[in-house]
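Written below as structure tokens is the structure these notes are about.
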Amino acid sequence: MFLVIAVLVAFAIGYGQTKKRSAIQWKPSDCTSPLMLPEGLYDLSQFGRGQYRIDGKMSAGHFNCIYFIFQPGAALNPVTVAGVTESSFVIRDTNVTWRSYKTIVEGRPVIRKEAVMPNILPHEKECNSSDYIWIRMDADSQQILDQLTPAAEEILRDLAHG
């Protein structure tokens with residue numbers, strides 16, 4: 001019995017060390033859960049009301065990072081895009097669909113991966129400006145997206161369970 005408890009404690013300590021609390025936190029109207037960053041991600045920055053960016057080792061300015069933008073509506077802009085690949089993930093019984101496509105951002109060819117989901121995260125309801133979350137990544141390669149996507153999903157799952 002002691003060995004089982006020791007293994008569980010060691011796992012919990014090891015698991016806890018793979019995440020760190022962000023120095024900057026969400027505004028309460030967007031999310032009241034603390035932001036815990038997975039290993040390899042540096043920190044959160046806010047660049048406008050309800051607009052946040054998480055940078056990591058691969059970030060290069062506006063590229064290869066994760067954006068969380070809290071907004072009043074569920075629309076993606078543009079609404080439709082050619083050559084879209086879709087995948088999905090689940091957060092608290094909410095199915096969220098990623099769409100991924102090639103585009104040009106600031107003159108740079110990137111692969112954009114994005115989703116809009118209802119804001120099911122704990123938050124202080126101020127108005128409808130944070131009813132939805134647009135999650136976006138503009139990456140130089142699929143390999144970078146393959147590293148950022150699970151991190152974005154993990155962050156959202158952690159926040160949803162507050």
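Every chain in the structure tokens has a letter given in the order shown (A, B, ...), and although residue numbers restart at 1 in each chain, ligands are simply numbered from 1 in the order shown.
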
- Item | Picked from region 5-162 of chain A by DSSP as alpha helix (DSSP H), as number ranges by chain | A: 5-16, 142-161

- Query: Near Thr97 (chain A), counting only C-alpha atoms, which residues have an atom at most 7 Å away, once you skip same-chain residues fewer than 6 positions from it, shown as a ChimeraX atom specification?
  - Reply: /A:86-89,115

- Task: Write out as a PyMOL selection string which residues come within 8 Å of Leu44 (chain A) when counting only C-alpha atoms, dropping same-chain ones fewer than 6 positions away.
- Result: chain A and resi 22-25+52-55

- Considering only C-alpha atoms, return as an MDAnalysis selection string whatever protein or nucleic-acid residues lie within 7 Å of Gln51 (chain A), sequence-local ones (same chain, fewer than 4 positions apart) excluded. chainID A and resid 46:47 68:70

- Query: Between A:Lys57, A:Lys113, A:Arg108, A:Arg157, which has the minimum distance to Ile135 (chain A) (counting only C-alpha atoms)?
  - Reply: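 Nearest to Ile135 (chain A): A:Lys113.
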